[in-house]
file coords30.txt (compact mmCIF, C-alpha atoms)
# COMPACT_ATOMS: atom_id res chain seq x y z
CA PRO X 1 106.40 92.85 122.77
CA GLY X 2 102.79 91.65 122.74
CA ASN X 3 100.50 92.17 125.66
CA THR X 4 97.79 89.74 126.71
CA LEU X 5 94.84 91.85 127.78
CA PRO X 6 92.50 90.79 130.55
CA GLN X 7 89.22 89.29 129.47
CA SER X 8 86.51 91.85 128.91
CA SER X 9 82.78 91.61 129.17
CA SER X 10 80.19 92.32 126.52
CA VAL X 11 78.43 95.65 126.85
CA ASP X 12 75.19 97.02 125.51
CA LEU X 13 75.32 99.04 122.31
CA ASP X 14 75.59 102.76 122.96
CA LYS X 15 75.72 105.62 120.50
CA ASN X 16 78.87 106.85 122.20
CA MET X 17 81.20 103.88 121.86
CA PRO X 18 83.87 103.63 124.58
CA GLN X 19 87.29 104.82 123.46
CA ASN X 20 89.63 103.06 125.82
CA PRO X 21 92.25 100.36 125.23
CA ALA X 22 90.30 97.63 127.03
CA SER X 23 88.64 95.42 124.43
CA ALA X 24 84.96 94.65 124.41
CA ALA X 25 82.47 92.85 122.21
CA THR X 26 79.30 94.82 121.75
CA ALA X 27 76.28 92.59 121.26
CA LEU X 28 73.50 94.37 119.42
CA PRO X 29 70.10 94.37 121.10
CA ALA X 30 67.23 92.88 119.14
CA SER X 31 65.58 96.27 118.78
CA SER X 32 68.58 97.85 117.04
CA ASP X 33 68.08 98.89 113.44
CA ALA X 34 71.37 97.20 112.60
CA SER X 35 70.07 93.83 113.76
CA ARG X 36 67.04 93.61 111.48
CA THR X 37 66.67 90.37 109.61
CA ALA X 38 68.31 90.56 106.20
CA SER X 39 66.62 89.46 103.02
CA PRO X 40 68.18 86.34 101.49
CA LEU X 41 70.96 87.28 99.09
CA ALA X 42 69.50 85.03 96.44
CA SER X 43 66.42 87.23 96.24
CA THR X 44 66.09 90.82 95.05
CA ALA X 45 68.29 93.80 95.78
CA GLY X 46 67.76 95.96 98.83
CA GLY X 47 68.44 93.50 101.69
CA GLU X 48 70.04 94.73 104.89
CA LEU X 49 73.30 93.57 106.36
CA VAL X 50 73.09 92.10 109.87
CA GLU X 51 75.60 93.45 112.39
CA SER X 52 76.27 90.71 114.95
CA LYS X 53 79.10 92.15 117.05
CA ARG X 54 81.12 95.26 117.57
CA LEU X 55 84.74 94.84 118.70
CA VAL X 56 86.04 97.75 120.71
CA GLY X 57 89.63 98.30 121.76
CA HIS X 58 91.51 100.41 119.24
CA ILE X 59 91.88 104.06 120.22
CA SER X 60 92.26 105.43 116.70
CA TRP X 61 90.99 104.71 113.19
CA LEU X 62 91.19 101.24 111.66
CA LYS X 63 93.48 100.87 108.66
CA SER X 64 93.47 97.13 107.94
CA LEU X 65 91.53 93.96 108.69
CA CYS X 66 91.88 90.27 107.86
CA PHE X 67 90.32 86.98 108.89
CA ALA X 68 92.28 83.91 109.90
CA ASP X 69 91.57 80.92 107.69
CA ASP X 70 89.44 79.33 110.43
CA ASN X 71 86.94 82.24 110.16
CA LYS X 72 86.95 82.37 113.97
CA HIS X 73 89.76 84.85 114.50
CA ALA X 74 90.72 88.18 112.98
CA LEU X 75 93.59 90.64 112.97
CA SER X 76 93.29 94.42 112.83
CA GLY X 77 95.73 97.28 112.34
CA SER X 78 95.19 100.87 113.42
CA GLU X 79 96.50 104.39 113.53
CA ASP X 80 97.03 103.76 117.27
CA LYS X 81 100.28 101.93 116.32
CA THR X 82 98.96 98.48 117.30
CA ALA X 83 97.69 95.34 115.65
CA ARG X 84 95.14 93.34 117.62
CA TYR X 85 94.17 89.69 117.41
CA TRP X 86 90.53 88.86 118.13
CA ASP X 87 88.43 85.82 119.00
CA LEU X 88 85.31 86.44 116.93
CA GLU X 89 83.10 83.97 118.77
CA SER X 90 83.57 85.68 122.13
CA GLY X 91 84.45 89.08 120.72
CA LYS X 92 87.46 89.28 123.02
CA GLU X 93 90.86 90.68 122.18
CA LEU X 94 93.49 87.96 122.60
CA PHE X 95 96.66 89.93 121.97
CA GLN X 96 97.73 93.49 121.38
CA LEU X 97 100.74 93.37 119.05
CA THR X 98 103.04 96.32 119.63
CA GLY X 99 106.32 97.46 118.16
CA HIS X 100 105.50 99.79 115.29
CA SER X 101 106.38 103.44 115.86
CA GLY X 102 103.60 104.65 113.58
CA VAL X 103 100.34 103.67 111.89
CA VAL X 104 99.81 99.93 111.27
CA THR X 105 98.65 100.05 107.66
CA THR X 106 98.37 96.35 106.81
CA CYS X 107 98.22 92.93 108.46
CA ALA X 108 97.97 89.21 107.66
CA VAL X 109 97.56 85.92 109.54
CA SER X 110 99.66 82.89 108.58
CA PRO X 111 97.88 79.84 107.11
CA ASN X 112 98.52 77.84 110.30
CA LYS X 113 97.28 80.75 112.47
CA GLN X 114 100.49 80.71 114.51
CA LYS X 115 101.96 83.98 113.27
CA ALA X 116 100.98 87.45 112.12
CA LEU X 117 102.54 90.00 109.80
CA SER X 118 102.07 93.73 110.00
CA GLY X 119 103.40 96.66 108.02
CA GLY X 120 103.42 100.32 108.86
CA ASP X 121 104.34 103.86 108.00
CA ASP X 122 107.53 103.33 110.02
CA LYS X 123 108.80 101.52 106.88
CA THR X 124 109.01 98.12 108.62
CA VAL X 125 107.36 94.73 108.38
CA ARG X 126 107.01 92.89 111.69
CA LEU X 127 106.46 89.20 112.40
CA PHE X 128 104.59 88.25 115.57
CA SER X 129 103.71 85.04 117.37
CA LEU X 130 99.99 84.46 117.81
CA VAL X 131 100.76 81.92 120.52
CA ASP X 132 102.06 84.50 123.01
CA GLY X 133 101.75 87.84 121.17
CA LYS X 134 105.49 88.50 121.10
CA GLU X 135 107.38 90.07 118.22
CA LEU X 136 109.62 87.56 116.46
CA LYS X 137 111.34 89.65 113.80
CA THR X 138 111.53 93.14 112.35
CA LEU X 139 112.08 93.24 108.58
CA SER X 140 113.71 96.49 107.56
CA GLY X 141 114.65 97.83 104.15
CA HIS X 142 111.65 99.64 102.69
CA SER X 143 112.18 103.32 101.96
CA ASN X 144 108.60 104.39 102.62
CA MET X 145 105.28 103.28 104.07
CA VAL X 146 104.45 99.56 103.78
CA ASN X 147 100.95 99.29 102.29
CA CYS X 148 100.39 95.53 102.04
CA VAL X 149 101.75 92.19 103.23
CA ALA X 150 101.02 88.53 102.47
CA PHE X 151 102.18 85.14 103.73
CA SER X 152 103.18 82.40 101.32
CA PRO X 153 101.00 79.26 101.46
CA ASP X 154 103.60 77.45 103.58
CA GLY X 155 104.07 80.46 105.84
CA LYS X 156 107.82 80.56 105.27
CA ARG X 157 108.00 83.62 103.02
CA ALA X 158 106.27 86.98 102.77
CA LEU X 159 105.60 89.69 100.23
CA SER X 160 105.42 93.34 101.19
CA GLY X 161 104.43 96.24 98.96
CA CYS X 162 105.60 99.78 99.51
CA PHE X 163 104.43 103.31 98.77
CA ASP X 164 107.54 103.75 96.61
CA GLY X 165 106.33 101.06 94.18
CA LEU X 166 108.82 98.38 95.25
CA ILE X 167 107.85 94.89 96.42
CA LYS X 168 110.08 92.80 98.67
CA LEU X 169 110.13 89.02 99.00
CA TRP X 170 111.27 87.87 102.45
CA ASP X 171 112.51 84.65 104.06
CA LEU X 172 110.62 84.64 107.35
CA GLU X 173 112.70 81.91 108.95
CA SER X 174 115.92 83.92 108.67
CA GLY X 175 114.40 87.38 108.36
CA SER X 176 116.49 88.02 105.25
CA LEU X 177 115.52 89.62 101.96
CA ILE X 178 115.22 87.19 99.04
CA ALA X 179 114.51 89.64 96.23
CA ASP X 180 113.27 93.08 95.26
CA LEU X 181 110.47 93.03 92.68
CA ALA X 182 110.68 96.27 90.71
CA GLY X 183 108.32 97.39 87.96
CA HIS X 184 105.41 99.37 89.38
CA GLU X 185 105.58 103.11 88.80
CA GLU X 186 103.51 104.14 91.82
CA ALA X 187 102.49 102.85 95.25
CA VAL X 188 101.76 99.12 95.60
CA ARG X 189 98.42 98.57 97.34
CA ALA X 190 97.95 94.78 97.22
CA VAL X 191 100.07 91.62 97.01
CA ALA X 192 99.25 87.92 96.95
CA PHE X 193 100.92 84.53 96.45
CA SER X 194 99.57 81.91 94.07
CA PRO X 195 98.36 78.75 95.87
CA ASP X 196 101.53 76.87 94.86
CA GLY X 197 103.71 79.74 96.05
CA LYS X 198 105.55 80.03 92.74
CA LYS X 199 104.04 83.28 91.55
CA GLY X 200 103.14 86.61 93.08
CA VAL X 201 100.57 89.16 91.94
CA SER X 202 100.56 92.84 92.85
CA GLY X 203 98.26 95.82 92.31
CA SER X 204 99.23 99.47 92.26
CA ASP X 205 98.27 103.12 92.02
CA ASP X 206 99.71 102.94 88.48
CA ASN X 207 96.38 101.19 87.61
CA THR X 208 98.09 97.88 86.74
CA LEU X 209 98.55 94.42 88.15
CA ARG X 210 101.87 92.63 87.74
CA VAL X 211 102.52 88.89 87.78
CA TRP X 212 105.91 87.80 89.13
CA ASP X 213 108.06 84.68 88.95
CA LEU X 214 109.15 84.39 92.57
CA SER X 215 112.01 82.00 91.79
CA THR X 216 113.72 84.63 89.67
CA GLY X 217 112.12 87.90 90.80
CA LYS X 218 111.24 88.68 87.20
CA GLU X 219 108.01 90.28 86.00
CA LEU X 220 106.02 87.83 83.88
CA SER X 221 103.18 90.08 82.82
CA LYS X 222 101.59 93.50 83.20
CA LEU X 223 97.79 93.41 83.40
CA LYS X 224 96.09 96.57 82.15
CA GLY X 225 92.38 97.27 82.41
CA HIS X 226 91.69 99.58 85.33
CA SER X 227 91.53 103.35 84.82
CA ASP X 228 92.36 104.18 88.44
CA CYS X 229 94.19 102.76 91.46
CA VAL X 230 93.97 99.04 92.24
CA THR X 231 92.70 98.83 95.82
CA SER X 232 92.74 95.06 96.43
CA LEU X 233 93.30 91.73 94.71
CA GLU X 234 92.71 88.08 95.43
CA ILE X 235 93.76 84.88 93.66
CA SER X 236 91.18 82.12 93.18
CA PRO X 237 91.47 78.90 95.20
CA ASN X 238 92.70 76.96 92.14
CA GLY X 239 95.20 79.67 91.22
CA ASN X 240 93.84 80.14 87.70
CA ASN X 241 92.15 83.50 88.18
CA CYS X 242 92.51 86.80 89.98
CA LEU X 243 89.99 89.42 91.10
CA SER X 244 91.08 93.03 91.31
CA ALA X 245 89.07 95.89 92.80
CA SER X 246 89.65 99.50 91.91
CA LYS X 247 88.96 103.11 92.68
CA ASP X 248 87.45 103.22 89.16
CA THR X 249 84.34 101.48 90.68
CA SER X 250 84.90 98.22 88.77
CA ILE X 251 86.12 94.70 89.52
CA ILE X 252 88.05 92.72 86.92
CA LEU X 253 88.28 88.95 86.65
CA TRP X 254 91.65 87.93 85.15
CA ASP X 255 92.92 84.68 83.67
CA LEU X 256 96.37 84.12 85.20
CA GLU X 257 97.26 81.40 82.71
CA SER X 258 96.86 83.63 79.65
CA ASN X 259 97.25 86.90 81.61
CA THR X 260 94.13 88.33 80.00
CA MET X 261 90.97 90.02 81.21
CA LEU X 262 87.97 87.70 81.32
CA LYS X 263 85.24 90.02 82.62
CA ARG X 264 84.69 93.47 84.04
CA LEU X 265 82.12 93.53 86.84
CA SER X 266 80.26 96.84 86.91
CA GLY X 267 77.58 98.05 89.28
CA HIS X 268 79.20 99.89 92.17
CA SER X 269 79.04 103.69 92.06
CA ASP X 270 82.11 104.47 94.18
CA TRP X 271 85.50 102.96 95.04
CA VAL X 272 85.47 99.19 95.39
CA MET X 273 87.46 98.53 98.54
CA LYS X 274 87.52 94.74 98.49
CA ALA X 275 86.53 91.83 96.26
CA SER X 276 86.80 88.16 97.21
CA PHE X 277 86.10 84.77 95.65
CA SER X 278 83.63 82.24 97.02
CA GLU X 279 85.21 79.00 98.23
CA ASP X 280 84.42 77.28 94.91
CA GLY X 281 85.80 80.20 92.89
CA GLN X 282 82.56 80.50 90.88
CA ARG X 283 81.16 83.59 92.59
CA ALA X 284 82.47 86.77 94.16
CA ILE X 285 81.52 89.31 96.79
CA SER X 286 82.54 92.97 96.96
CA ALA X 287 82.27 96.00 99.23
CA SER X 288 82.33 99.62 98.14
CA LEU X 289 82.33 103.15 99.46
CA ASP X 290 78.87 103.41 97.87
CA LYS X 291 77.74 101.69 101.14
CA THR X 292 76.75 98.42 99.47
CA VAL X 293 77.95 94.83 99.31
CA ARG X 294 77.33 93.00 96.05
CA THR X 295 77.51 89.37 95.06
CA TRP X 296 78.47 88.32 91.55
CA ASN X 297 78.00 85.38 89.23
CA LEU X 298 81.44 85.09 87.62
CA ALA X 299 80.20 82.94 84.74
CA SER X 300 77.85 85.69 83.57
CA GLY X 301 79.62 88.67 85.09
CA GLU X 302 76.29 89.90 86.46
CA SER X 303 75.59 91.18 89.94
CA ALA X 304 73.43 88.57 91.66
CA ALA X 305 72.29 90.70 94.60
CA GLU X 306 72.96 93.86 96.54
CA LEU X 307 72.97 94.39 100.28
CA LYS X 308 72.87 97.89 101.69
CA SER X 309 73.76 99.70 104.90
CA ILE X 310 77.54 99.75 105.18
CA ASN X 311 78.09 102.71 107.48
CA ASN X 312 79.81 105.94 106.61
CA GLY X 313 83.50 106.16 107.43
CA VAL X 314 84.44 102.57 106.53
CA TRP X 315 88.08 102.37 105.48
CA ALA X 316 88.90 98.71 106.03
CA VAL X 317 86.97 95.63 104.88
CA ALA X 318 87.57 91.87 105.00
CA PHE X 319 85.51 88.83 104.03
CA SER X 320 85.81 85.43 105.68
CA ARG X 321 87.05 82.55 103.55
CA ASP X 322 83.62 80.87 103.64
CA GLY X 323 81.89 84.10 102.60
CA HIS X 324 79.53 84.10 105.58
CA LEU X 325 81.08 86.98 107.52
CA MET X 326 82.40 90.46 106.86
CA LEU X 327 84.46 92.81 109.00
CA THR X 328 84.46 96.57 108.59
CA GLY X 329 86.67 99.10 110.33
CA THR X 330 84.95 102.41 110.95
CA ASP X 331 85.98 105.91 111.91
CA ASP X 332 84.43 105.43 115.37
CA LYS X 333 87.46 103.18 116.04
CA SER X 334 85.35 100.03 116.34
CA ILE X 335 85.31 96.85 114.25
CA ARG X 336 81.92 95.61 113.13
CA LEU X 337 81.29 91.93 112.44
CA TRP X 338 78.50 91.37 109.92
CA THR X 339 76.63 88.16 109.15
CA LEU X 340 75.93 87.65 105.45
CA PRO X 341 73.00 85.49 104.26
CA ALA X 342 73.84 82.42 102.21
CA TRP X 343 74.90 83.35 98.71
call {"tool": "encode", "arguments": {"input": "coords30.txt", "output": "structure tokens"}}
result
Amino acid sequence: PGNTLPQSSSVDLDKNMPQNPASAATALPASSDASRTASPLASTAGGELVESKRLVGHISWLKSLCFADDNKHALSGSEDKTARYWDLESGKELFQLTGHSGVVTTCAVSPNKQKALSGGDDKTVRLFSLVDGKELKTLSGHSNMVNCVAFSPDGKRALSGCFDGLIKLWDLESGSLIADLAGHEEAVRAVAFSPDGKKGVSGSDDNTLRVWDLSTGKELSKLKGHSDCVTSLEISPNGNNCLSASKDTSIILWDLESNTMLKRLSGHSDWVMKASFSEDGQRAISASLDKTVRTWNLASGESAAELKSINNGVWAVAFSRDGHLMLTGTDDKSIRLWTLPAW
């Protein structure tokens, strides 16, 4: 069941962040180094990210983060066996979603913001209400850790990717399995639906992406180009392209109509954890373990700007749909909300 936590007050930033289950938004004082004004992204490299809030509540490391489509709410998953739903304007925790018996490795918010999905190392996918925080369904059948989940555009189906390389397509209204999508040779790290809901795309530790026909469960194409694990993927708003990020330090822009590589975006010096499209699909933004965020011109394939100062110990990253905000989950158990200059 989900628990509605009492409202919590904002507290001053302290080097020793509280480690208790009560949620709190930490407003950064003006004198903090993290709150220095950032250089405009359109200018030269070397600007600083601006940390605007710190969300405290989880009692163990963050494993997954995602924004709701309204850019005002977010969902987080942690090693503390919970997912938590946040109001980003107030910084308050709205619901604590419980039910997993192990680490919550992945999470997603439905397009209408009424439901949440989570997956964990207990081999289950769970569906929750974001109206009252209660668990609606447990989807069982995976043989190993669930690494990634995604809602279909209409919110009626879900994809889940497993450590064993298998992807499952679910009917969320009945809780039944529609199809198993088999083809990857190693763990699946990312899944996504096309905007029309007819296709799925997945990324794996086997260094490939696969494109799937969701009406038949058949693999349509295998996309090769990365030399190491695919860490994340995202489909463009018009459904024509896909961005994949990799442990090989690169990002690849794919054409999903011809299933070919269009451009390789190079510039990061360590794992790329996340890459996302701008709302118009013409630009991209990425975050890496090299402690930088980069923006990209997809027409040229060139890095437009670089922002520095992602903290050490970041293992979860999410960008808002409008590209103005970023969330990072750190090893101090807090979630940091960053404001990005216009890009």
call {"tool": "residues_near_point", "arguments": {"input": "coords30.txt", "point": "(81.3, 99.2, 106.4)", "cutoff": "12 Å", "atoms": "only C-alpha atoms", "output": "PyMOL selection string"}}
result
chain X and resi 34+49-51+54+62+65+272-274+286-293+307-319+326-332+334-338
call {"tool": "residues_around", "arguments": {"input": "coords30.txt", "residues": "Arg283 of chain X", "least_positions_apart": "3", "cutoff": "9 Å", "atoms": "all atoms listed in the file", "output": "number ranges by chain"}}
result
X: 276-280, 295-299, 343
call {"tool": "write_last_selection", "arguments": {"input": "coords30.txt", "atoms": "C-alpha atoms", "output": "short mmCIF file (atom, residue, chain, number, x, y, z; two decimals), in the frame of the given file"}}
result
data_model
loop_
_atom_site.label_atom_id
_atom_site.label_comp_id
_atom_site.auth_asym_id
_atom_site.auth_seq_id
_atom_site.Cartn_x
_atom_site.Cartn_y
_atom_site.Cartn_z
CA SER X 276 86.80 88.16 97.21
CA PHE X 277 86.10 84.77 95.65
CA SER X 278 83.63 82.24 97.02
CA GLU X 279 85.21 79.00 98.23
CA ASP X 280 84.42 77.28 94.91
CA THR X 295 77.51 89.37 95.06
CA TRP X 296 78.47 88.32 91.55
CA ASN X 297 78.00 85.38 89.23
CA LEU X 298 81.44 85.09 87.62
CA ALA X 299 80.20 82.94 84.74
CA TRP X 343 74.90 83.35 98.71
#
call {"tool": "closest_residue", "arguments": {"input": "coords30.txt", "among": "X:Gly217, X:Asp228, X:Phe163, X:Gly203", "to": "Ser244 of chain X", "atoms": "all atoms listed in the file"}}
result
X:Gly203
call {"tool": "residues_around", "arguments": {"input": "coords30.txt", "residues": "His100 of chain X", "least_positions_apart": "3", "cutoff": "7 Å", "atoms": "all atoms listed in the file", "output": "mmCIF file with C-alpha atoms, keeping the file's coordinate frame"}}
result
data_model
loop_
_atom_site.group_PDB
_atom_site.id
_atom_site.type_symbol
_atom_site.label_atom_id
_atom_site.label_comp_id
_atom_site.auth_asym_id
_atom_site.auth_seq_id
_atom_site.Cartn_x
_atom_site.Cartn_y
_atom_site.Cartn_z
ATOM 1 C CA LYS X 81 100.280 101.930 116.320
ATOM 2 C CA THR X 82 98.960 98.480 117.300
ATOM 3 C CA VAL X 104 99.810 99.930 111.270
ATOM 4 C CA GLY X 120 103.420 100.320 108.860
ATOM 5 C CA ASP X 122 107.530 103.330 110.020
#
call {"tool": "residues_around", "arguments": {"input": "coords30.txt", "residues": "Asp154 of chain X", "least_positions_apart": "5", "cutoff": "10 Å", "atoms": "all atoms listed in the file", "output": "number ranges by chain"}}
result
X: 110-112, 195-197
call {"tool": "build_atoms", "arguments": {"input": "coords30.txt", "residues": "segment 94-128 of chain X", "atoms": "N, CA and C atoms", "output": "CSV table (one decimal), keeping the file's coordinate frame"}}
result
chain,number,residue,atom,x,y,z
X,94,LEU,N,92.6,89.0,122.1
X,94,LEU,CA,93.5,88.0,122.6
X,94,LEU,C,94.9,88.5,122.8
X,95,PHE,N,95.3,89.3,121.9
X,95,PHE,CA,96.7,89.9,122.0
X,95,PHE,C,96.6,91.3,121.4
X,96,GLN,N,97.4,92.2,122.0
X,96,GLN,CA,97.7,93.5,121.4
X,96,GLN,C,99.2,93.4,120.9
X,97,LEU,N,99.4,93.5,119.6
X,97,LEU,CA,100.7,93.4,119.0
X,97,LEU,C,101.4,94.7,118.9
X,98,THR,N,102.4,95.0,119.6
X,98,THR,CA,103.0,96.3,119.6
X,98,THR,C,104.5,96.3,119.1
X,99,GLY,N,105.0,97.4,118.7
X,99,GLY,CA,106.3,97.5,118.2
X,99,GLY,C,106.5,98.5,117.1
X,100,HIS,N,105.4,98.7,116.3
X,100,HIS,CA,105.5,99.8,115.3
X,100,HIS,C,105.5,101.2,116.0
X,101,SER,N,106.3,102.1,115.3
X,101,SER,CA,106.4,103.4,115.9
X,101,SER,C,105.4,104.4,115.2
X,102,GLY,N,104.6,103.8,114.3
X,102,GLY,CA,103.6,104.6,113.6
X,102,GLY,C,102.4,103.8,113.2
X,103,VAL,N,101.6,104.3,112.3
X,103,VAL,CA,100.3,103.7,111.9
X,103,VAL,C,100.6,102.2,111.4
X,104,VAL,N,99.8,101.3,111.8
X,104,VAL,CA,99.8,99.9,111.3
X,104,VAL,C,98.9,99.9,110.1
X,105,THR,N,99.4,99.9,108.9
X,105,THR,CA,98.6,100.0,107.7
X,105,THR,C,98.1,98.8,107.1
X,106,THR,N,98.7,97.6,107.4
X,106,THR,CA,98.4,96.4,106.8
X,106,THR,C,98.7,95.2,107.8
X,107,CYS,N,98.0,94.1,107.6
X,107,CYS,CA,98.2,92.9,108.5
X,107,CYS,C,97.8,91.7,107.8
X,108,ALA,N,98.3,90.5,108.2
X,108,ALA,CA,98.0,89.2,107.7
X,108,ALA,C,98.2,88.2,108.7
X,109,VAL,N,97.4,87.1,108.7
X,109,VAL,CA,97.6,85.9,109.5
X,109,VAL,C,98.1,84.8,108.7
X,110,SER,N,99.1,84.0,109.3
X,110,SER,CA,99.7,82.9,108.6
X,110,SER,C,98.6,81.8,108.4
X,111,PRO,N,98.8,80.9,107.4
X,111,PRO,CA,97.9,79.8,107.1
X,111,PRO,C,97.7,78.9,108.3
X,112,ASN,N,98.7,78.7,109.1
X,112,ASN,CA,98.5,77.8,110.3
X,112,ASN,C,98.1,78.6,111.5
X,113,LYS,N,97.8,79.9,111.4
X,113,LYS,CA,97.3,80.8,112.5
X,113,LYS,C,98.2,80.9,113.6
X,114,GLN,N,99.5,80.6,113.4
X,114,GLN,CA,100.5,80.7,114.5
X,114,GLN,C,101.2,82.0,114.5
X,115,LYS,N,101.2,82.8,113.4
X,115,LYS,CA,102.0,84.0,113.3
X,115,LYS,C,101.1,85.1,112.6
X,116,ALA,N,101.6,86.3,112.8
X,116,ALA,CA,101.0,87.4,112.1
X,116,ALA,C,102.1,88.3,111.5
X,117,LEU,N,101.7,89.0,110.4
X,117,LEU,CA,102.5,90.0,109.8
X,117,LEU,C,101.8,91.3,109.9
X,118,SER,N,102.6,92.4,110.1
X,118,SER,CA,102.1,93.7,110.0
X,118,SER,C,103.1,94.6,109.3
X,119,GLY,N,102.6,95.7,108.7
X,119,GLY,CA,103.4,96.7,108.0
X,119,GLY,C,102.9,98.0,108.4
X,120,GLY,N,103.8,99.0,108.4
X,120,GLY,CA,103.4,100.3,108.9
X,120,GLY,C,104.1,101.5,108.2
X,121,ASP,N,103.7,102.7,108.6
X,121,ASP,CA,104.3,103.9,108.0
X,121,ASP,C,105.7,104.1,108.6
X,122,ASP,N,106.2,103.3,109.5
X,122,ASP,CA,107.5,103.3,110.0
X,122,ASP,C,108.5,102.6,109.1
X,123,LYS,N,108.0,102.1,107.9
X,123,LYS,CA,108.8,101.5,106.9
X,123,LYS,C,109.2,100.1,107.2
X,124,THR,N,108.6,99.5,108.2
X,124,THR,CA,109.0,98.1,108.6
X,124,THR,C,107.9,97.1,108.4
X,125,VAL,N,108.3,95.9,108.3
X,125,VAL,CA,107.4,94.7,108.4
X,125,VAL,C,107.7,94.0,109.7
X,126,ARG,N,106.7,93.6,110.4
X,126,ARG,CA,107.0,92.9,111.7
X,126,ARG,C,106.3,91.5,111.7
X,127,LEU,N,107.0,90.6,112.3
X,127,LEU,CA,106.5,89.2,112.4
X,127,LEU,C,106.2,88.9,113.9
X,128,PHE,N,105.0,88.5,114.2
X,128,PHE,CA,104.6,88.2,115.6
X,128,PHE,C,104.2,86.8,115.8
